[in-house]
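Each remark here refers to the structure printed beneath this line.
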Amino acid sequence: MSLLAGITVFVAVGAASILVVYWFKQPRLDMKWRLLLFLGIAVLPTISAGTSTVEAMNSTSTREFCGSCHVMAAHYEDAVDPASMSLSARHTRNDSFGEHSCYKCHSEYGMLGYPMTKLNGLRHVWLYYFDEWGDMTLDEALSKMHTLKPYPNENCTHCHTGSGKIWLSVPDHRAVEAEVRADQLSCASIGCHGAPHPATVRAREAAHTTSLLDFSNLPFPRAERKEVP
Amino acid sequence: MNQSFASGAPGSQKTLNSKLESQGPLRRLIRFVLASELSLLTRLACVCAGLSLVFMVLIVVVKIPLLLVLGVGVAHAFGIVGVLLFAAAVIKESLLYRPRSLAPKAGVIASSPPHEAPGEAPGEPPASE
């Protein structure tokens, strides 16, 4: 249990104790009991609401939360596969933010980035529980579901600056710099650093009769799993 | 009061029902708060605060995805209603119980305590036989 969760439970138990004592004793509402009820109904629940909300928001940003819907199973399994060399798997293996890798790459940035990302997450919950997403098979989901808008390169350049010497020294970067900065070419394109989620590409390929892509030329093929002696 | 309510005419109950139905939920809620006893209001506030606390603890302990998403809103809603009910109870109590200086003086009340005989002065012990 995290510190915030512990504070929430501790404060909630304190508030509940006041409420239970008041419920059974039913004392006259004098100043002492007014203050106690103010603590039990207003102050302590407010503290508990703050800590539980922060804890819940943190929990909804974890990789496990994103992978808890079955339509995300393939992406989740690929991301946590230590042998996978996909873009999502390599970011998930990053110690500094791997536990929140889905959120880190798919959240919007800027002042309203956090609430807008969470609002979009609420839309996902609605579509999953009250629309067709929850009834889809995994194959259907992989071939039909798509991001709301094209993935912005800003999400990549938030960490990978795109203006440093190393980035500019790569000939391919210099060749497509204008297109990358104008969001006309995605960093996560196949042939550049993608595909981020190979399962989606494979499912869409299987859903079409004509071949869209030749997967033998994927830039980051699945690595051979090395057996530990 | 509307005359049709007091008259006891055959259509008065119907008129009352239609009048209540025509009121919005907020006005009906305010009327309910005004008509309720203090203990009922504070008990309802306790129930709402308790439910809010239960949801908060469930959010951080159980961590079921749907509960994480919807529980925060439900907990906040119960908490806000609880605080409003408690505030209503405190305000109503402050308005109902007037300060001591404004209270009716002793002896003005016509009815005597039940243990006193009609001829005795208030506060004196009953005469022994």
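Labels for the structure tokens follow display order: chains A, B, ..., residues from 1 in each chain, ligands from 1.
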All residues 10 Å or closer to segment 2-10 of chain A, only C-alpha atoms, same chain fewer than 2 positions away omitted, as a compact mmCIF listing (two decimals) with C-alpha atoms, in the first residue's frame:
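Result written to around_17.txt:
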```
# COMPACT_ATOMS: atom_id res chain seq x y z
CA ALA A 12 -11.20 7.77 6.62
CA VAL A 13 -11.16 5.53 9.69
CA GLY A 14 -10.84 8.61 11.91
CA ALA A 15 -13.78 10.32 10.23
CA ALA A 16 -15.87 7.16 10.29
CA LEU A 44 -11.30 14.70 7.22
CA PRO A 45 -13.30 13.54 4.15
CA ILE A 47 -8.29 15.31 3.09
CA SER A 48 -9.27 11.74 2.25
CA ALA A 49 -10.82 12.87 -1.04
CA GLY A 50 -7.63 14.67 -2.03
CA THR A 51 -5.31 11.77 -1.31
CA SER A 52 -7.62 9.14 -2.81
CA THR A 53 -8.09 11.22 -5.96
CA VAL A 54 -4.36 11.62 -6.45
CA GLU A 55 -3.86 7.91 -5.81
CA ALA A 56 -6.66 7.01 -8.25
CA LEU B 53 -15.47 7.50 2.81
CA VAL B 54 -16.30 3.92 1.79
CA MET B 56 -12.54 6.56 -1.14
CA VAL B 57 -11.16 3.56 0.73
CA LEU B 58 -12.36 1.16 -1.99
CA ILE B 59 -10.61 3.29 -4.64
CA VAL B 60 -7.21 3.06 -2.97
CA VAL B 61 -7.50 -0.51 -1.69
```
Set the cut-off to 12 Å and count only C-alpha atoms: what are the residues of chain B that reach chain A? Output as an mmCIF file with N, CA and C atoms, in the first residue's frame.
```cif
data_model
loop_
_atom_site.group_PDB
_atom_site.id
_atom_site.type_symbol
_atom_site.label_atom_id
_atom_site.label_comp_id
_atom_site.auth_asym_id
_atom_site.auth_seq_id
_atom_site.Cartn_x
_atom_site.Cartn_y
_atom_site.Cartn_z
ATOM 1 N N LEU B 38 -33.796 18.125 12.795
ATOM 2 C CA LEU B 38 -32.339 18.282 12.794
ATOM 3 C C LEU B 38 -31.632 16.942 12.826
ATOM 4 N N SER B 39 -32.158 16.036 13.656
ATOM 5 C CA SER B 39 -31.481 14.747 13.782
ATOM 6 C C SER B 39 -31.514 13.993 12.458
ATOM 7 N N LEU B 40 -32.615 14.133 11.717
ATOM 8 C CA LEU B 40 -32.696 13.457 10.415
ATOM 9 C C LEU B 40 -31.666 14.038 9.450
ATOM 10 N N LEU B 41 -31.530 15.365 9.439
ATOM 11 C CA LEU B 41 -30.571 15.996 8.531
ATOM 12 C C LEU B 41 -29.137 15.573 8.867
ATOM 13 N N THR B 42 -28.801 15.602 10.150
ATOM 14 C CA THR B 42 -27.431 15.234 10.514
ATOM 15 C C THR B 42 -27.179 13.757 10.259
ATOM 16 N N ARG B 43 -28.209 12.934 10.474
ATOM 17 C CA ARG B 43 -28.028 11.507 10.184
ATOM 18 C C ARG B 43 -27.829 11.278 8.689
ATOM 19 N N LEU B 44 -28.604 11.991 7.882
ATOM 20 C CA LEU B 44 -28.421 11.871 6.431
ATOM 21 C C LEU B 44 -27.026 12.351 6.017
ATOM 22 N N ALA B 45 -26.563 13.439 6.652
ATOM 23 C CA ALA B 45 -25.214 13.928 6.364
ATOM 24 C C ALA B 45 -24.170 12.882 6.723
ATOM 25 N N CYS B 46 -24.383 12.207 7.853
ATOM 26 C CA CYS B 46 -23.460 11.151 8.274
ATOM 27 C C CYS B 46 -23.459 9.997 7.265
ATOM 28 N N VAL B 47 -24.650 9.634 6.783
ATOM 29 C CA VAL B 47 -24.742 8.539 5.811
ATOM 30 C C VAL B 47 -23.985 8.903 4.528
ATOM 31 N N CYS B 48 -24.215 10.130 4.044
ATOM 32 C CA CYS B 48 -23.537 10.563 2.804
ATOM 33 C C CYS B 48 -22.028 10.599 3.000
ATOM 34 N N ALA B 49 -21.579 11.162 4.130
ATOM 35 C CA ALA B 49 -20.136 11.213 4.389
ATOM 36 C C ALA B 49 -19.569 9.807 4.521
ATOM 37 N N GLY B 50 -20.315 8.922 5.162
ATOM 38 C CA GLY B 50 -19.856 7.544 5.314
ATOM 39 C C GLY B 50 -19.725 6.835 3.981
ATOM 40 N N LEU B 51 -20.725 7.006 3.114
ATOM 41 C CA LEU B 51 -20.651 6.384 1.780
ATOM 42 C C LEU B 51 -19.470 6.955 0.992
ATOM 43 N N SER B 52 -19.262 8.269 1.128
ATOM 44 C CA SER B 52 -18.127 8.893 0.457
ATOM 45 C C SER B 52 -16.817 8.275 0.932
ATOM 46 N N LEU B 53 -16.693 8.088 2.249
ATOM 47 C CA LEU B 53 -15.471 7.500 2.809
ATOM 48 C C LEU B 53 -15.291 6.060 2.322
ATOM 49 N N VAL B 54 -16.391 5.314 2.254
ATOM 50 C CA VAL B 54 -16.304 3.916 1.790
ATOM 51 C C VAL B 54 -15.755 3.870 0.359
ATOM 52 N N PHE B 55 -16.289 4.742 -0.509
ATOM 53 C CA PHE B 55 -15.809 4.756 -1.895
ATOM 54 C C PHE B 55 -14.341 5.158 -1.958
ATOM 55 N N MET B 56 -13.944 6.126 -1.123
ATOM 56 C CA MET B 56 -12.536 6.556 -1.141
ATOM 57 C C MET B 56 -11.605 5.410 -0.748
ATOM 58 N N VAL B 57 -12.007 4.674 0.280
ATOM 59 C CA VAL B 57 -11.160 3.561 0.726
ATOM 60 C C VAL B 57 -11.143 2.464 -0.342
ATOM 61 N N LEU B 58 -12.309 2.192 -0.943
ATOM 62 C CA LEU B 58 -12.358 1.165 -1.995
ATOM 63 C C LEU B 58 -11.453 1.547 -3.172
ATOM 64 N N ILE B 59 -11.435 2.832 -3.505
ATOM 65 C CA ILE B 59 -10.614 3.288 -4.637
ATOM 66 C C ILE B 59 -9.151 2.942 -4.408
ATOM 67 N N VAL B 60 -8.647 3.231 -3.208
ATOM 68 C CA VAL B 60 -7.208 3.059 -2.973
ATOM 69 C C VAL B 60 -6.844 1.630 -2.581
ATOM 70 N N VAL B 61 -7.828 0.848 -2.137
ATOM 71 C CA VAL B 61 -7.501 -0.511 -1.687
ATOM 72 C C VAL B 61 -7.775 -1.538 -2.786
ATOM 73 N N VAL B 62 -8.970 -1.486 -3.374
ATOM 74 C CA VAL B 62 -9.363 -2.523 -4.333
ATOM 75 C C VAL B 62 -8.768 -2.242 -5.712
ATOM 76 N N LYS B 63 -8.851 -1.031 -6.179
ATOM 77 C CA LYS B 63 -8.282 -0.600 -7.460
ATOM 78 C C LYS B 63 -8.835 -1.380 -8.658
ATOM 79 N N ILE B 64 -10.159 -1.607 -8.672
ATOM 80 C CA ILE B 64 -10.805 -2.167 -9.862
ATOM 81 C C ILE B 64 -10.906 -1.041 -10.885
ATOM 82 N N PRO B 65 -10.588 -1.313 -12.171
ATOM 83 C CA PRO B 65 -10.543 -0.216 -13.154
ATOM 84 C C PRO B 65 -11.802 0.638 -13.204
ATOM 85 N N LEU B 66 -12.993 0.001 -13.279
ATOM 86 C CA LEU B 66 -14.223 0.793 -13.385
ATOM 87 C C LEU B 66 -14.453 1.619 -12.109
ATOM 88 N N LEU B 67 -14.102 1.024 -10.973
ATOM 89 C CA LEU B 67 -14.257 1.742 -9.701
ATOM 90 C C LEU B 67 -13.301 2.928 -9.643
ATOM 91 N N LEU B 68 -12.097 2.736 -10.185
ATOM 92 C CA LEU B 68 -11.125 3.834 -10.193
ATOM 93 C C LEU B 68 -11.657 5.015 -10.993
ATOM 94 N N VAL B 69 -12.323 4.706 -12.087
ATOM 95 C CA VAL B 69 -12.782 5.774 -12.976
ATOM 96 C C VAL B 69 -14.035 6.460 -12.426
ATOM 97 N N LEU B 70 -15.012 5.651 -12.012
ATOM 98 C CA LEU B 70 -16.288 6.216 -11.583
ATOM 99 C C LEU B 70 -16.336 6.518 -10.087
ATOM 100 N N GLY B 71 -15.528 5.793 -9.317
ATOM 101 C CA GLY B 71 -15.588 5.938 -7.863
ATOM 102 C C GLY B 71 -15.216 7.315 -7.384
ATOM 103 N N VAL B 72 -14.274 7.943 -8.057
ATOM 104 C CA VAL B 72 -13.843 9.277 -7.643
ATOM 105 C C VAL B 72 -15.015 10.252 -7.713
ATOM 106 N N GLY B 73 -15.748 10.206 -8.803
ATOM 107 C CA GLY B 73 -16.898 11.103 -8.956
ATOM 108 C C GLY B 73 -17.991 10.807 -7.947
ATOM 109 N N VAL B 74 -18.265 9.517 -7.739
ATOM 110 C CA VAL B 74 -19.323 9.141 -6.795
ATOM 111 C C VAL B 74 -18.943 9.578 -5.384
ATOM 112 N N ALA B 75 -17.681 9.347 -5.002
ATOM 113 C CA ALA B 75 -17.229 9.725 -3.655
ATOM 114 C C ALA B 75 -17.343 11.236 -3.449
ATOM 115 N N HIS B 76 -16.940 11.991 -4.452
ATOM 116 C CA HIS B 76 -17.032 13.443 -4.334
ATOM 117 C C HIS B 76 -18.496 13.895 -4.239
ATOM 118 N N ALA B 77 -19.361 13.264 -5.029
ATOM 119 C CA ALA B 77 -20.776 13.657 -5.015
ATOM 120 C C ALA B 77 -21.387 13.415 -3.641
ATOM 121 N N PHE B 78 -21.154 12.223 -3.077
ATOM 122 C CA PHE B 78 -21.675 11.928 -1.739
ATOM 123 C C PHE B 78 -21.097 12.897 -0.718
ATOM 124 N N GLY B 79 -19.793 13.174 -0.825
ATOM 125 C CA GLY B 79 -19.149 14.075 0.128
ATOM 126 C C GLY B 79 -19.748 15.468 0.080
ATOM 127 N N ILE B 80 -19.976 15.962 -1.121
ATOM 128 C CA ILE B 80 -20.542 17.318 -1.254
ATOM 129 C C ILE B 80 -21.960 17.372 -0.687
ATOM 130 N N VAL B 81 -22.776 16.344 -0.999
ATOM 131 C CA VAL B 81 -24.141 16.313 -0.467
ATOM 132 C C VAL B 81 -24.116 16.249 1.059
ATOM 133 N N GLY B 82 -23.191 15.459 1.610
ATOM 134 C CA GLY B 82 -23.074 15.348 3.063
ATOM 135 C C GLY B 82 -22.739 16.679 3.705
ATOM 136 N N VAL B 83 -21.777 17.383 3.131
ATOM 137 C CA VAL B 83 -21.393 18.694 3.683
ATOM 138 C C VAL B 83 -22.559 19.675 3.589
ATOM 139 N N LEU B 84 -23.284 19.661 2.462
ATOM 140 C CA LEU B 84 -24.423 20.573 2.305
ATOM 141 C C LEU B 84 -25.520 20.274 3.325
ATOM 142 N N LEU B 85 -25.785 18.975 3.548
ATOM 143 C CA LEU B 85 -26.816 18.613 4.527
ATOM 144 C C LEU B 85 -26.399 19.041 5.934
ATOM 145 N N PHE B 86 -25.120 18.843 6.253
ATOM 146 C CA PHE B 86 -24.627 19.239 7.581
ATOM 147 C C PHE B 86 -24.718 20.757 7.736
ATOM 148 N N ALA B 87 -24.340 21.467 6.688
ATOM 149 C CA ALA B 87 -24.429 22.929 6.743
ATOM 150 C C ALA B 87 -25.882 23.364 6.921
ATOM 151 N N ALA B 89 -28.228 21.656 8.364
ATOM 152 C CA ALA B 89 -28.639 21.344 9.739
ATOM 153 C C ALA B 89 -28.144 22.406 10.711
ATOM 154 N N VAL B 90 -26.880 22.807 10.564
ATOM 155 C CA VAL B 90 -26.313 23.799 11.486
ATOM 156 C C VAL B 90 -27.015 25.144 11.320
ATOM 157 N N ILE B 91 -27.246 25.550 10.091
ATOM 158 C CA ILE B 91 -27.914 26.838 9.851
ATOM 159 C C ILE B 91 -29.336 26.800 10.388
ATOM 160 N N LYS B 92 -30.013 25.682 10.135
ATOM 161 C CA LYS B 92 -31.393 25.579 10.590
ATOM 162 C C LYS B 92 -31.465 25.612 12.113
ATOM 163 N N GLU B 93 -30.515 24.920 12.770
ATOM 164 C CA GLU B 93 -30.499 24.919 14.225
ATOM 165 C C GLU B 93 -30.241 26.323 14.758
ATOM 166 N N SER B 94 -29.333 27.049 14.103
ATOM 167 C CA SER B 94 -29.031 28.416 14.540
ATOM 168 C C SER B 94 -30.254 29.317 14.416
ATOM 169 N N TYR B 97 -33.220 27.891 17.245
ATOM 170 C CA TYR B 97 -33.002 28.119 18.669
ATOM 171 C C TYR B 97 -32.557 29.549 18.886
#
```
Exercise for review: Please provide as a ChimeraX atom specification all residues within 7 Å of His193 of chain A, with the sequence filter that same-chain residues fewer than 5 positions apart are discarded (counting only C-alpha atoms).
Suggested key: /A:87,187-188
Review point. Can you tell me, as a PyMOL selection string, what residues are no more than 6 Å from Thr92 of chain A when counting only C-alpha atoms, ignoring any on the same chain fewer than 3 positions away?
Key: chain A and resi 89+98+101
Can you spit out the residues from that selection as an mmCIF file, in the first residue's frame, using all heavy atoms?
```cif
data_model
loop_
_atom_site.group_PDB
_atom_site.id
_atom_site.type_symbol
_atom_site.label_atom_id
_atom_site.label_comp_id
_atom_site.auth_asym_id
_atom_site.auth_seq_id
_atom_site.Cartn_x
_atom_site.Cartn_y
_atom_site.Cartn_z
ATOM 1 N N ALA A 89 7.839 -1.532 -26.446
ATOM 2 C CA ALA A 89 8.557 -2.408 -25.520
ATOM 3 C C ALA A 89 9.854 -1.764 -25.046
ATOM 4 O O ALA A 89 10.211 -1.855 -23.863
ATOM 5 C CB ALA A 89 8.846 -3.739 -26.194
ATOM 6 N N GLY A 98 8.934 3.411 -17.081
ATOM 7 C CA GLY A 98 8.382 2.190 -17.679
ATOM 8 C C GLY A 98 7.034 1.785 -17.123
ATOM 9 O O GLY A 98 6.174 1.277 -17.849
ATOM 10 N N SER A 101 4.451 3.709 -19.072
ATOM 11 C CA SER A 101 4.895 3.938 -20.450
ATOM 12 C C SER A 101 3.743 4.288 -21.389
ATOM 13 O O SER A 101 3.900 5.144 -22.270
ATOM 14 C CB SER A 101 5.648 2.707 -20.969
ATOM 15 O OG SER A 101 4.819 1.570 -20.892
#
```
